[in-house]
Amino acid sequence: MTAYNEERIGELLRRLPPAPVGWVSAAQELPIARAQLDTLVERAEADAAFRATVVADLERALLAAGVEPKPALVDHLRKRLTA
């Protein structure tokens, strides 16, 4: 295996093309969205009435939390909240 020093790694990284704009945006938005989702799930786990409301209209609950209700996310959360 070839050993690389920091300068060589930096040189190789500079040769890479820039990340696509969509990847950069997603990476910036992900921590905020994850925190919002964690808060929503924690509240739903602690409050049965709130959980029933969220499960009944998960898309609206996500929109209210500032998260786009993408189908894969909705399916994942529905399974998590109804388990």
# chains A, B, ... in the order shown; residues from 1 in each chain; ligands from 1

$ residues_around --residues "region 36-48 of chain A" --least-positions-apart "4" --cutoff "12 Å" --atoms "only C-alpha atoms" --output "PyMOL selection string"
chain A and resi 29-32+52-56+58+61-69+73-74+76-83

$ atom_distance --atom1 "CA of Arg60 (chain A)" --atom2 "CA of Ala35 (chain A)"
17.5 Å

$ select_by_dssp --residues "chain A" --states "alpha helix (DSSP H)" --output "number ranges by chain"
A: 6-15, 21-46, 48-56, 58-64, 71-82

$ write_last_selection --atoms "C-alpha atoms" --output "compact mmCIF listing (two decimals), in the first residue's frame"
# COMPACT_ATOMS: atom_id res chain seq x y z
CA GLU A 6 -0.72 15.44 3.80
CA GLU A 7 0.65 17.41 0.86
CA ARG A 8 0.07 14.55 -1.57
CA ILE A 9 -3.47 14.00 -0.29
CA GLY A 10 -4.16 17.73 -0.64
CA GLU A 11 -2.82 17.68 -4.19
CA LEU A 12 -5.03 14.74 -5.11
CA LEU A 13 -8.10 16.37 -3.55
CA ARG A 14 -7.49 19.61 -5.49
CA ARG A 15 -7.62 17.62 -8.72
CA VAL A 21 -24.50 22.07 -6.12
CA GLY A 22 -27.32 19.75 -5.07
CA TRP A 23 -24.93 17.70 -2.93
CA VAL A 24 -23.62 20.82 -1.23
CA SER A 25 -27.14 22.09 -0.53
CA ALA A 26 -28.24 18.72 0.84
CA ALA A 27 -25.18 18.53 3.09
CA GLN A 28 -25.98 21.98 4.48
CA GLU A 29 -29.67 21.23 5.03
CA LEU A 30 -29.34 17.72 6.44
CA PRO A 31 -28.31 18.59 10.03
CA ILE A 32 -31.18 21.06 10.39
CA ALA A 33 -33.73 18.64 8.92
CA ARG A 34 -32.44 15.80 11.10
CA ALA A 35 -32.80 17.94 14.24
CA GLN A 36 -36.35 18.91 13.26
CA LEU A 37 -37.25 15.28 12.61
CA ASP A 38 -35.71 14.13 15.89
CA THR A 39 -37.75 16.74 17.77
CA LEU A 40 -40.94 15.66 16.00
CA VAL A 41 -40.31 11.96 16.70
CA GLU A 42 -39.34 12.55 20.35
CA ARG A 43 -42.53 14.52 20.91
CA ALA A 44 -44.62 11.86 19.16
CA GLU A 45 -43.02 9.12 21.26
CA ALA A 46 -43.75 11.01 24.46
CA ALA A 48 -49.74 9.42 22.35
CA ALA A 49 -52.36 11.99 21.30
CA PHE A 50 -49.76 14.00 19.36
CA ARG A 51 -48.47 10.77 17.77
CA ALA A 52 -51.99 9.88 16.58
CA THR A 53 -52.34 13.34 15.06
CA VAL A 54 -48.94 13.12 13.37
CA VAL A 55 -49.54 9.62 11.99
CA ALA A 56 -52.99 10.62 10.72
CA LEU A 58 -47.72 12.93 8.55
CA GLU A 59 -47.20 15.10 5.49
CA ARG A 60 -48.81 18.09 7.19
CA ALA A 61 -46.81 17.49 10.38
CA LEU A 62 -43.58 17.45 8.38
CA LEU A 63 -44.49 20.64 6.56
CA ALA A 64 -45.28 22.29 9.91
CA PRO A 71 -42.22 9.77 -0.02
CA ALA A 72 -39.26 7.77 1.32
CA LEU A 73 -39.09 9.96 4.42
CA VAL A 74 -42.84 9.70 5.03
CA ASP A 75 -42.72 5.91 4.70
CA HIS A 76 -39.75 5.64 7.08
CA LEU A 77 -41.33 7.87 9.72
CA ARG A 78 -44.73 6.18 9.43
CA LYS A 79 -43.09 2.79 10.13
CA ARG A 80 -41.09 4.25 13.01
CA LEU A 81 -44.06 5.95 14.63
CA THR A 82 -46.47 3.03 14.25

$ decode --residues "region 1-81 of chain A" --atoms "C-alpha atoms" --output "PDB file, in the first residue's frame"
ATOM      1  CA  MET A   1       0.000   0.000   0.000  1.00  0.00           C
ATOM      2  CA  THR A   2       1.299   3.444  -0.885  1.00  0.00           C
ATOM      3  CA  ALA A   3       1.803   5.895   1.945  1.00  0.00           C
ATOM      4  CA  TYR A   4       0.579   9.422   1.272  1.00  0.00           C
ATOM      5  CA  ASN A   5       1.592  12.485   3.210  1.00  0.00           C
ATOM      6  CA  GLU A   6      -0.723  15.436   3.796  1.00  0.00           C
ATOM      7  CA  GLU A   7       0.654  17.409   0.864  1.00  0.00           C
ATOM      8  CA  ARG A   8       0.074  14.549  -1.569  1.00  0.00           C
ATOM      9  CA  ILE A   9      -3.467  14.002  -0.289  1.00  0.00           C
ATOM     10  CA  GLY A  10      -4.163  17.734  -0.640  1.00  0.00           C
ATOM     11  CA  GLU A  11      -2.816  17.683  -4.188  1.00  0.00           C
ATOM     12  CA  LEU A  12      -5.032  14.744  -5.112  1.00  0.00           C
ATOM     13  CA  LEU A  13      -8.099  16.370  -3.545  1.00  0.00           C
ATOM     14  CA  ARG A  14      -7.494  19.611  -5.487  1.00  0.00           C
ATOM     15  CA  ARG A  15      -7.618  17.615  -8.724  1.00  0.00           C
ATOM     16  CA  LEU A  16     -11.162  16.442  -8.037  1.00  0.00           C
ATOM     17  CA  PRO A  17     -14.016  18.341  -9.658  1.00  0.00           C
ATOM     18  CA  PRO A  18     -16.179  20.423  -7.333  1.00  0.00           C
ATOM     19  CA  ALA A  19     -19.116  18.683  -5.704  1.00  0.00           C
ATOM     20  CA  PRO A  20     -22.460  19.163  -7.477  1.00  0.00           C
ATOM     21  CA  VAL A  21     -24.498  22.071  -6.122  1.00  0.00           C
ATOM     22  CA  GLY A  22     -27.317  19.746  -5.074  1.00  0.00           C
ATOM     23  CA  TRP A  23     -24.927  17.697  -2.929  1.00  0.00           C
ATOM     24  CA  VAL A  24     -23.618  20.820  -1.229  1.00  0.00           C
ATOM     25  CA  SER A  25     -27.143  22.086  -0.526  1.00  0.00           C
ATOM     26  CA  ALA A  26     -28.238  18.720   0.844  1.00  0.00           C
ATOM     27  CA  ALA A  27     -25.181  18.530   3.094  1.00  0.00           C
ATOM     28  CA  GLN A  28     -25.981  21.979   4.476  1.00  0.00           C
ATOM     29  CA  GLU A  29     -29.674  21.233   5.025  1.00  0.00           C
ATOM     30  CA  LEU A  30     -29.340  17.716   6.435  1.00  0.00           C
ATOM     31  CA  PRO A  31     -28.309  18.587  10.028  1.00  0.00           C
ATOM     32  CA  ILE A  32     -31.180  21.055  10.393  1.00  0.00           C
ATOM     33  CA  ALA A  33     -33.729  18.644   8.925  1.00  0.00           C
ATOM     34  CA  ARG A  34     -32.443  15.801  11.099  1.00  0.00           C
ATOM     35  CA  ALA A  35     -32.799  17.935  14.242  1.00  0.00           C
ATOM     36  CA  GLN A  36     -36.347  18.911  13.265  1.00  0.00           C
ATOM     37  CA  LEU A  37     -37.253  15.279  12.606  1.00  0.00           C
ATOM     38  CA  ASP A  38     -35.706  14.128  15.890  1.00  0.00           C
ATOM     39  CA  THR A  39     -37.745  16.735  17.769  1.00  0.00           C
ATOM     40  CA  LEU A  40     -40.943  15.656  16.004  1.00  0.00           C
ATOM     41  CA  VAL A  41     -40.310  11.956  16.695  1.00  0.00           C
ATOM     42  CA  GLU A  42     -39.344  12.550  20.349  1.00  0.00           C
ATOM     43  CA  ARG A  43     -42.535  14.525  20.913  1.00  0.00           C
ATOM     44  CA  ALA A  44     -44.618  11.862  19.159  1.00  0.00           C
ATOM     45  CA  GLU A  45     -43.018   9.116  21.259  1.00  0.00           C
ATOM     46  CA  ALA A  46     -43.746  11.009  24.465  1.00  0.00           C
ATOM     47  CA  ASP A  47     -47.325  12.052  23.679  1.00  0.00           C
ATOM     48  CA  ALA A  48     -49.744   9.424  22.348  1.00  0.00           C
ATOM     49  CA  ALA A  49     -52.358  11.992  21.297  1.00  0.00           C
ATOM     50  CA  PHE A  50     -49.761  13.996  19.363  1.00  0.00           C
ATOM     51  CA  ARG A  51     -48.466  10.771  17.772  1.00  0.00           C
ATOM     52  CA  ALA A  52     -51.987   9.882  16.584  1.00  0.00           C
ATOM     53  CA  THR A  53     -52.345  13.343  15.058  1.00  0.00           C
ATOM     54  CA  VAL A  54     -48.939  13.122  13.370  1.00  0.00           C
ATOM     55  CA  VAL A  55     -49.543   9.619  11.994  1.00  0.00           C
ATOM     56  CA  ALA A  56     -52.988  10.620  10.723  1.00  0.00           C
ATOM     57  CA  ASP A  57     -51.476  13.412   8.585  1.00  0.00           C
ATOM     58  CA  LEU A  58     -47.724  12.927   8.553  1.00  0.00           C
ATOM     59  CA  GLU A  59     -47.202  15.098   5.487  1.00  0.00           C
ATOM     60  CA  ARG A  60     -48.815  18.095   7.192  1.00  0.00           C
ATOM     61  CA  ALA A  61     -46.811  17.487  10.379  1.00  0.00           C
ATOM     62  CA  LEU A  62     -43.581  17.447   8.376  1.00  0.00           C
ATOM     63  CA  LEU A  63     -44.493  20.636   6.555  1.00  0.00           C
ATOM     64  CA  ALA A  64     -45.279  22.292   9.908  1.00  0.00           C
ATOM     65  CA  ALA A  65     -41.832  21.200  11.133  1.00  0.00           C
ATOM     66  CA  GLY A  66     -40.239  22.775   8.054  1.00  0.00           C
ATOM     67  CA  VAL A  67     -39.348  19.478   6.370  1.00  0.00           C
ATOM     68  CA  GLU A  68     -40.333  18.520   2.825  1.00  0.00           C
ATOM     69  CA  PRO A  69     -42.477  15.361   3.028  1.00  0.00           C
ATOM     70  CA  LYS A  70     -40.639  13.219   0.473  1.00  0.00           C
ATOM     71  CA  PRO A  71     -42.221   9.766  -0.022  1.00  0.00           C
ATOM     72  CA  ALA A  72     -39.258   7.767   1.319  1.00  0.00           C
ATOM     73  CA  LEU A  73     -39.093   9.958   4.425  1.00  0.00           C
ATOM     74  CA  VAL A  74     -42.840   9.703   5.029  1.00  0.00           C
ATOM     75  CA  ASP A  75     -42.721   5.906   4.701  1.00  0.00           C
ATOM     76  CA  HIS A  76     -39.752   5.639   7.079  1.00  0.00           C
ATOM     77  CA  LEU A  77     -41.332   7.869   9.715  1.00  0.00           C
ATOM     78  CA  ARG A  78     -44.727   6.180   9.434  1.00  0.00           C
ATOM     79  CA  LYS A  79     -43.095   2.790  10.131  1.00  0.00           C
ATOM     80  CA  ARG A  80     -41.085   4.250  13.008  1.00  0.00           C
ATOM     81  CA  LEU A  81     -44.065   5.946  14.628  1.00  0.00           C
TER      82      LEU A  81
END
